[in-house]
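Report on the following structure.
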Amino acid sequence: MEIIWSIKMRNAFIVEKCICFNVCTFINILLKEKKNRHYMKFFYFLIILLFTVSFSKASEEVNLDEKWKTIISQGSNKVVNFHAWGGSKNINNYINWVSVKVKKKYGINLKHVKIKDTSQAVKKVLYEKLSKKNNDGSIDIIWINGENFSSMLENNLLYYKNWIYELPNSKNIDLRVNSILMYDFGIFNQGKEMPWGLSQLIYFYDSAKILNPPRNAVEFKEYVVKNPGRVTFPQPPDFTGTSFLKQILIEITQDKQKLKEKFNFNKHGYILDGLWSWLDFVTPYLWKQGKSYPKNYVGLAQLLSDDEVDVAMSFNISFPSNEVTKKNLPLTTKSYISTEGSLSNVHYLAIPYNATNPSGSKLVIDYMISPEAQLRKEDHKFWGDPNVLSFSKLEQRWKEKFNKLSSGPAMIKKADLEKKIQEPHPSWVKEIEENWIKRYGSIN
Amino acid sequence: MKKKKNYFISLSLLIIILVYILLPISTGIFGTILPSLGYYPNISTKLSFEFFIDSFETYGLMKSAFLSVFVGLFSTLLSLIISQLVLSKVFFTKFYFYLKKIIIPLIAFPHITMAVGVAFLFASSGFFSRIYSLFVVGLDRPPNSNFFPDDFGFFLILGLILKEVPFFLLMSINVLSQFDSKKYFDSGKILNYSTFSSWLFFVFPQIYKKLRLSIIIVLIFCSSVVDMSYVLAPTTPSTLSIRIIELYQMPDIKNISLASCLSIIQFFLIIGMIGVWLAFEMILKNAKSFYFCLMIYLRNMKLGENFLFIMCLFIMSISILCIFVSLIWSMSVAWLYPDLLPKNITINNFTVFLIDFSKSFFNTIYIGFFVSLLSCTIILGWLEITNYLNFKNKYIEFIFFIPLIIPELSFLLGVNYFLIRNNLDGNLISLIWIETLYIIPYTYLVLMPAFRGINVNFIQIAKTYQKSSFNIFFFVKLPLIQKAVFLSLGIGFLVSIALYTPVYFIGDGKISTLSLEVVNLSFGGNRKDLGVVTVLQMILPLLILSLIFYVSKVAVKWRF
């Protein structure tokens, strides 16, 4: 259908071009013959203006607007299945709020399918492709990034290229090709997923008990020797645990540019050896001599509140502050990032290729990147996830509202978050995880 | 003519019941075997064994497998010994009455609550560590020791023992009530054997044959348990079941194949374990001289056996401590490390339940309700129809036990694969279907003796009144076995509450129950919440049981 439509459009365009060309030559002939040039010049200008305006710019805008209108009419009053990790109460409540809003705005029934792991949703789309369910898939939106995204990209499981530019609210986001937001763990996302929020690896500790927490890979090494058993990380392949290893890898690697390349054992094996020697040194001094690890970052935070470890970490910068409000961590909790800058990445919303209601997904995603929704997301009382909007593109009233947001009790300062380091290429993740399991995860 | 028609209807109903049970199992098995051979419709249809070869190279596979086997064999053996020791000391005394009272609530507690309780007690910031800190000066931080979880899974074994001993006790009591065990016991006593020896050598051989099926079920369960391993097993590496689940979660076709291969390897491993168990049984049976030596050697170890008995009581009292500690956590305000008890107690923590867990709570209740009702109906239907057709075949009824005898992962992976492919995952109906498979064996065990034991004379009398078989079933047979029906409903409910793996694989994250919440919270997350959910999961079975007992009493009164 689409191909036929585009051919039709192209034909129409050619015809118009021809007409334009013919008219111009006709006028030229007229101009040559007639002597009243001024009058005809104006006429000439007018016609060209009319044609260019009507056929190039105006037609496009009208087209986009109409396209959006058809999306609204197609997507409204339907069910949209949003598969998103459901492990956090705050995030679930936020998504619930979004669903109330889109119900009001478009009559869309947004269903939050709380999955335990994003890979579940990816696997599901993969299975649906195996059984040739190509246009009535069960997932309409996935909350995704990193290796799950690259896995979907490789298997062609995503909605078509550049759909993100169709959404009206995308004008507030920097979606140029060279923008950081367009690179998911260093992979160009081809306009197949919409940025939703930012994550950054932060550490936190109880300032009443520790004065100088370790602030980079070298300090971690010294710290564990002085305080054996007081540091640990979630067990890889847990997301946060692997990210911590990546952070260390980046800090101790000299040639950081190499990490952006696809992993190749002959070329990059020696870089990983640095990480393994760091871990070989540190592991015996870890919590429980590195024989057991917490299962995830929430478990690590529990160890911090039990005073079993000194430092905990999270990819959700508002997590410590939320825990303080819930009285699970003491008021003296403080967060900080590595002196070398900390690992940061973007999390996205994507539409599977076989979504039943892609127009509905677009409507919901458009709402989720609106200033209103992003403002509430950034508020630490609700979630505390940084927005993805470009500040300069926002209207004045929204700018003011964003500036008014207060900071939570254990919240890291915005200025401190400036030091960001980019994720290595996703191919490194598997390598790190597998080798970690081989070296430290199956030693007993 | 009418009789012939009835005959066909009842026969087709029987076949429907068989299909109901066998269809998911065969789907599951095929859904596990095909991916393990690399067969994926629409992608690759070439069969090969390369994934099996690859799966042997999984890091730490041998250690995980060893852990599973070790835990399975030891927890089964120890629970069997402990249960027999306790019985030998208690069965012929007045304490037997109390024992019977304690067993039922102990059985009713879901496995996972015991695991959480053990973790609450033994973790480095746990209750025992707090007691330890009273004696060691200056210990204001939890000790950094590898005590829990240990490398060999002893705590997993402990947790399993706490749950399986009551199960063995109940099963043994059930068998013991069928014959005059006192006679055998006394003959041992007369020959001057000590209490346990006369039990072991005179009574136990009589009941062993009937216990064998339960032993095998426990063996399979212990070596493939998922939810308890999450909480109690060591993590570097974990047990085989958890390795399989972790592999299966990764979004890659290759990992699905590897996980399927590993689950098939697990299946054969468990078959091997059963083989080893049965081989030992054969050796003991045939090596008579060895057996007699053992008898003579062990005939009089009063001191040793009393010591062992006290040890057993200690171990079993841990389960009471587990309940106690979960209760404290669920009501604590702030329970920081060196404090033996929390400073303040509140019941506000339970409001969390209203906000966050009410959905899981009610899911648990209505799934349990439907599942127990459905499996009760199926078994009653089966019993009535086989009775009507005069159809008795022991081997066919063995089908009911298949779901307990196949390790759950090796068929649930396949069911999950099938469901996702057909977009049926997270579907309540498929969950209820699969859960009934796990409940039918227990329902059958409760209902079968009661139904087959109905006095034929009552039915003859009813028949002389020319009542239809429909009427006889509802107005004569059902009231006669009313107690068993209520009991089977209750047990179905209890089993359903405790199920974790089927909900995990069939619900696929979309349907949540209390046991799922407990496991999720035990990964991390608030201990108070964990305490609340654990306590809820302990209270729920007790509530259901008391409700069942109350209803069955009231129903008896109303009938007359």
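Residue numbering restarts at 1 in every chain; chains get A, B, ... in the order shown in the structure tokens, and ligands count up from 1 in that same order.
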When you look at Phe314 in chain B with a cut-off of 12 Å (counting only C-alpha atoms), what residues show up, excluding the ones that are within fewer than 4 positions of it in the same chain? I need them as a compact mmCIF listing (two decimals) with N, CA, C and O atoms, in the first residue's frame.
# COMPACT_ATOMS: atom_id res chain seq x y z
N ILE B 82 14.56 -38.07 59.96
CA ILE B 82 14.01 -37.28 61.07
C ILE B 82 12.55 -37.62 61.30
O ILE B 82 12.12 -37.82 62.44
N VAL B 86 11.15 -39.12 64.80
CA VAL B 86 10.12 -38.44 65.58
C VAL B 86 8.94 -39.38 65.78
O VAL B 86 8.40 -39.52 66.89
N LEU B 158 18.39 -27.34 55.01
CA LEU B 158 17.64 -27.09 56.25
C LEU B 158 16.22 -26.63 55.94
O LEU B 158 15.26 -27.15 56.49
N LEU B 162 12.70 -28.60 56.86
CA LEU B 162 11.61 -28.03 57.66
C LEU B 162 10.26 -28.26 56.99
O LEU B 162 9.24 -28.39 57.66
N PHE B 307 19.94 -38.43 71.79
CA PHE B 307 20.65 -37.23 71.36
C PHE B 307 20.13 -36.77 70.01
O PHE B 307 19.79 -35.59 69.80
N LEU B 308 20.03 -37.75 69.09
CA LEU B 308 19.52 -37.43 67.75
C LEU B 308 18.12 -36.85 67.83
O LEU B 308 17.78 -35.89 67.13
N PHE B 309 17.31 -37.43 68.69
CA PHE B 309 15.92 -36.98 68.81
C PHE B 309 15.87 -35.53 69.25
O PHE B 309 15.10 -34.72 68.72
N ILE B 310 16.72 -35.20 70.23
CA ILE B 310 16.74 -33.82 70.69
C ILE B 310 17.20 -32.89 69.58
O ILE B 310 16.64 -31.81 69.38
N ILE B 318 13.12 -24.74 64.81
CA ILE B 318 13.52 -23.61 63.96
C ILE B 318 12.32 -23.10 63.18
O ILE B 318 12.15 -21.89 63.00
N SER B 319 11.45 -24.03 62.76
CA SER B 319 10.32 -23.57 61.95
C SER B 319 9.40 -22.67 62.76
O SER B 319 8.80 -21.74 62.22
N ILE B 320 9.33 -22.94 64.08
CA ILE B 320 8.51 -22.05 64.91
C ILE B 320 9.19 -20.69 65.05
O ILE B 320 8.56 -19.64 64.98
N LEU B 321 10.53 -20.72 65.18
CA LEU B 321 11.28 -19.47 65.23
C LEU B 321 11.11 -18.67 63.93
O LEU B 321 11.04 -17.45 63.96
Distance-based interface of chain B with chain A, 8 Å, counting only C-alpha atoms, as a ChimeraX atom specification: /B:40-43,59-60,63,125,141-146,149,151,234-237,249-252,336-337,420-423,508-510,523-526
So that I have them on file, write out the residues from the current selection with N, CA and C atoms, as a tab-separated table (two decimals), in the first residue's frame.
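selection.tsv, freshly written:
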chain	number	residue	atom	x	y	z
B	40	TYR	N	13.21	-24.63	15.15
B	40	TYR	CA	12.31	-23.49	15.30
B	40	TYR	C	11.53	-23.34	14.02
B	41	PRO	N	10.22	-23.54	14.06
B	41	PRO	CA	9.45	-23.40	12.84
B	41	PRO	C	9.65	-22.00	12.25
B	42	ASN	N	9.66	-21.90	10.96
B	42	ASN	CA	9.87	-20.66	10.19
B	42	ASN	C	11.30	-20.17	10.22
B	43	ILE	N	12.16	-20.71	11.07
B	43	ILE	CA	13.54	-20.21	11.07
B	43	ILE	C	14.52	-21.32	10.69
B	59	TYR	N	29.53	-22.43	32.01
B	59	TYR	CA	30.45	-22.29	33.13
B	59	TYR	C	29.82	-22.80	34.42
B	60	GLY	N	30.56	-23.58	35.14
B	60	GLY	CA	30.08	-24.03	36.44
B	60	GLY	C	28.93	-25.00	36.38
B	63	LYS	N	29.34	-27.82	38.86
B	63	LYS	CA	29.12	-27.41	40.24
B	63	LYS	C	27.64	-27.25	40.53
B	125	SER	N	22.91	-10.35	59.13
B	125	SER	CA	22.26	-9.38	60.02
B	125	SER	C	21.01	-10.00	60.63
B	141	ARG	N	28.45	-4.13	63.86
B	141	ARG	CA	28.13	-4.31	62.45
B	141	ARG	C	27.91	-5.81	62.22
B	142	PRO	N	27.10	-6.15	61.24
B	142	PRO	CA	26.93	-7.57	60.95
B	142	PRO	C	28.28	-8.18	60.56
B	143	PRO	N	28.59	-9.37	61.06
B	143	PRO	CA	29.88	-9.98	60.72
B	143	PRO	C	29.96	-10.29	59.23
B	144	ASN	N	31.15	-10.13	58.68
B	144	ASN	CA	31.35	-10.39	57.25
B	144	ASN	C	31.82	-11.82	57.07
B	145	SER	N	30.89	-12.76	57.27
B	145	SER	CA	31.30	-14.16	57.17
B	145	SER	C	30.53	-14.85	56.06
B	146	ASN	N	31.08	-15.96	55.62
B	146	ASN	CA	30.41	-16.72	54.58
B	146	ASN	C	29.49	-17.78	55.14
B	149	PRO	N	24.80	-17.38	52.62
B	149	PRO	CA	24.55	-18.76	52.24
B	149	PRO	C	25.86	-19.52	52.07
B	151	ASP	N	28.53	-22.66	50.82
B	151	ASP	CA	28.86	-23.17	49.50
B	151	ASP	C	28.12	-24.45	49.14
B	234	PRO	N	23.50	-20.90	47.53
B	234	PRO	CA	24.62	-20.03	47.19
B	234	PRO	C	24.44	-19.51	45.77
B	235	THR	N	25.13	-18.41	45.43
B	235	THR	CA	24.87	-17.80	44.12
B	235	THR	C	26.03	-17.96	43.15
B	236	THR	N	27.20	-18.40	43.63
B	236	THR	CA	28.32	-18.49	42.70
B	236	THR	C	28.86	-19.92	42.60
B	237	PRO	N	28.30	-20.79	41.83
B	237	PRO	CA	27.07	-20.69	41.05
B	237	PRO	C	25.88	-21.19	41.85
B	249	GLN	N	15.89	-16.61	30.41
B	249	GLN	CA	15.41	-15.22	30.38
B	249	GLN	C	16.08	-14.39	29.30
B	250	MET	N	17.27	-14.78	28.85
B	250	MET	CA	18.00	-13.93	27.91
B	250	MET	C	17.32	-13.92	26.55
B	251	PRO	N	17.27	-12.75	25.91
B	251	PRO	CA	16.48	-12.61	24.68
B	251	PRO	C	17.22	-13.11	23.46
B	252	ASP	N	17.51	-14.37	23.40
B	252	ASP	CA	18.30	-14.89	22.31
B	252	ASP	C	17.86	-16.32	22.05
B	336	LEU	N	17.35	-1.99	63.65
B	336	LEU	CA	18.73	-1.86	63.21
B	336	LEU	C	19.57	-2.98	63.81
B	337	TYR	N	20.81	-3.10	63.29
B	337	TYR	CA	21.51	-4.35	63.50
B	337	TYR	C	21.69	-4.86	64.94
B	420	ILE	N	3.70	-18.35	24.68
B	420	ILE	CA	4.13	-17.06	24.15
B	420	ILE	C	3.94	-17.04	22.64
B	421	ARG	N	4.27	-18.16	22.01
B	421	ARG	CA	4.14	-18.18	20.56
B	421	ARG	C	2.70	-17.98	20.13
B	422	ASN	N	1.77	-18.42	20.97
B	422	ASN	CA	0.37	-18.27	20.58
B	422	ASN	C	-0.32	-17.16	21.34
B	423	ASN	N	0.50	-16.32	21.97
B	423	ASN	CA	-0.03	-15.17	22.70
B	423	ASN	C	-1.06	-15.57	23.74
B	508	ASP	N	3.85	-15.19	33.38
B	508	ASP	CA	4.82	-14.42	32.62
B	508	ASP	C	4.90	-12.96	33.07
B	509	GLY	N	4.87	-12.78	34.37
B	509	GLY	CA	5.01	-11.43	34.89
B	509	GLY	C	3.74	-10.62	34.88
B	510	LYS	N	2.70	-11.15	34.26
B	510	LYS	CA	1.47	-10.36	34.18
B	510	LYS	C	0.50	-10.72	35.29
B	523	PHE	N	14.72	-10.72	46.82
B	523	PHE	CA	15.90	-10.32	46.06
B	523	PHE	C	16.50	-9.04	46.60
B	524	GLY	N	15.67	-8.27	47.21
B	524	GLY	CA	16.13	-6.98	47.66
B	524	GLY	C	14.87	-6.32	48.06
B	525	GLY	N	14.95	-5.11	48.52
B	525	GLY	CA	13.69	-4.55	48.89
B	525	GLY	C	13.50	-4.69	50.37
B	526	ASN	N	12.47	-4.05	50.80
B	526	ASN	CA	12.26	-3.81	52.20
B	526	ASN	C	11.98	-5.07	52.99
Filtered DSSP result for range 189-372 of chain B, state helix (DSSP H, G or I), as JSON, numbers by chain: {"B": [189, 190, 195, 196, 197, 198, 199, 200, 201, 202, 203, 204, 205, 206, 207, 208, 209, 210, 211, 212, 213, 214, 215, 216, 217, 218, 219, 220, 221, 222, 223, 224, 227, 228, 229, 230, 231, 232, 240, 241, 242, 243, 244, 245, 246, 247, 248, 249, 253, 254, 255, 256, 257, 258, 259, 260, 261, 262, 263, 264, 265, 266, 267, 268, 269, 270, 271, 272, 273, 274, 275, 276, 277, 278, 279, 280, 281, 282, 283, 284, 285, 286, 288, 289, 290, 291, 292, 293, 294, 295, 296, 297, 298, 302, 303, 304, 305, 306, 307, 308, 309, 310, 311, 312, 313, 314, 315, 316, 317, 318, 319, 320, 321, 322, 323, 324, 325, 326, 327, 328, 329, 330, 331, 350, 351, 352, 353, 354, 355, 356, 357, 358, 359, 360, 361, 362, 363, 364, 365, 366, 367, 368, 369, 370, 371, 372]}
Selection: 10 Å around Val218 in chain A, only C-alpha atoms, excl. self and same-chain fewer than 4 positions, as a ChimeraX atom specification: /A:214,222-223,248,251-252,278
Hey, what's within 6 Å of Ala259 in chain B if we count only C-alpha atoms and toss same-chain stuff fewer than 5 positions away? As a PDB file with N, CA and C atoms, in the first residue's frame, please?
ATOM      1  N   ILE B 244      19.070 -22.591  34.801  1.00  0.00           N
ATOM      2  CA  ILE B 244      18.212 -22.773  33.628  1.00  0.00           C
ATOM      3  C   ILE B 244      17.329 -21.552  33.429  1.00  0.00           C
ATOM      4  N   LEU B 247      19.285 -18.567  32.133  1.00  0.00           N
ATOM      5  CA  LEU B 247      19.589 -18.691  30.709  1.00  0.00           C
ATOM      6  C   LEU B 247      18.350 -18.430  29.866  1.00  0.00           C
ATOM      7  N   TYR B 248      17.244 -18.973  30.317  1.00  0.00           N
ATOM      8  CA  TYR B 248      16.006 -18.881  29.543  1.00  0.00           C
ATOM      9  C   TYR B 248      15.524 -17.441  29.414  1.00  0.00           C
TER      10      TYR B 248
END
All residues 7 Å or closer to range 436-451 of chain B, only C-alpha atoms, same chain fewer than 5 positions away omitted, as a ChimeraX atom specification: /B:21,371,375-376,379,400-401,403-404,481,484-485,488,492,495
Requested write-out: N, CA, C and O atoms of the selected residues, as a CSV table (one decimal), in the first residue's frame:
chain,number,residue,atom,x,y,z
B,21,ILE,N,-5.3,-33.5,31.0
B,21,ILE,CA,-4.1,-33.7,31.7
B,21,ILE,C,-2.9,-33.9,30.8
B,21,ILE,O,-1.9,-33.3,31.0
B,371,VAL,N,-9.0,-23.2,41.1
B,371,VAL,CA,-8.2,-24.4,40.8
B,371,VAL,C,-8.6,-25.5,41.7
B,371,VAL,O,-8.7,-26.6,41.2
B,375,SER,N,-10.2,-29.0,40.2
B,375,SER,CA,-9.5,-30.3,40.3
B,375,SER,C,-10.4,-31.2,41.1
B,375,SER,O,-10.4,-32.4,40.8
B,376,CYS,N,-11.1,-30.7,42.1
B,376,CYS,CA,-12.0,-31.5,42.8
B,376,CYS,C,-13.1,-32.1,41.9
B,376,CYS,O,-13.4,-33.3,41.9
B,379,ILE,N,-11.6,-34.8,39.6
B,379,ILE,CA,-11.4,-36.1,40.2
B,379,ILE,C,-12.7,-36.8,40.6
B,379,ILE,O,-12.9,-38.0,40.4
B,400,PHE,N,-2.2,-39.2,36.8
B,400,PHE,CA,-2.4,-38.0,37.6
B,400,PHE,C,-1.1,-37.5,38.3
B,400,PHE,O,-1.0,-36.4,38.6
B,401,PHE,N,-0.2,-38.5,38.4
B,401,PHE,CA,1.0,-38.1,39.2
B,401,PHE,C,2.2,-37.6,38.3
B,401,PHE,O,3.2,-37.2,38.8
B,403,PRO,N,2.6,-34.9,36.5
B,403,PRO,CA,3.2,-33.6,36.8
B,403,PRO,C,4.1,-33.5,38.0
B,403,PRO,O,5.0,-32.6,38.0
B,404,LEU,N,3.9,-34.3,38.9
B,404,LEU,CA,4.8,-34.3,40.1
B,404,LEU,C,6.1,-35.0,39.8
B,404,LEU,O,7.1,-34.8,40.5
B,481,ILE,N,-19.1,-38.6,51.4
B,481,ILE,CA,-17.7,-38.3,51.4
B,481,ILE,C,-17.5,-36.8,51.6
B,481,ILE,O,-16.4,-36.3,51.3
B,484,ALA,N,-14.2,-35.6,53.1
B,484,ALA,CA,-13.0,-35.7,52.2
B,484,ALA,C,-13.1,-34.6,51.1
B,484,ALA,O,-12.0,-34.1,50.7
B,485,VAL,N,-14.3,-34.3,50.6
B,485,VAL,CA,-14.4,-33.3,49.6
B,485,VAL,C,-13.9,-31.9,50.1
B,485,VAL,O,-13.1,-31.2,49.4
B,488,SER,N,-10.2,-32.0,50.4
B,488,SER,CA,-9.5,-31.9,49.1
B,488,SER,C,-9.5,-30.5,48.6
B,488,SER,O,-8.5,-30.0,48.1
B,492,GLY,N,-6.1,-28.5,48.0
B,492,GLY,CA,-5.9,-27.9,46.7
B,492,GLY,C,-5.6,-26.4,46.8
B,492,GLY,O,-4.6,-25.9,46.2
B,495,VAL,N,-1.9,-26.0,48.2
B,495,VAL,CA,-0.9,-26.3,47.2
B,495,VAL,C,-0.8,-25.1,46.2
B,495,VAL,O,0.2,-24.6,45.9
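Using only C-alpha atoms, the shortest contact distance between Trp382 in chain B and any of B:Phe292, B:Phe127, B:Phe267, B:Tyr20 is found at B:Tyr20.
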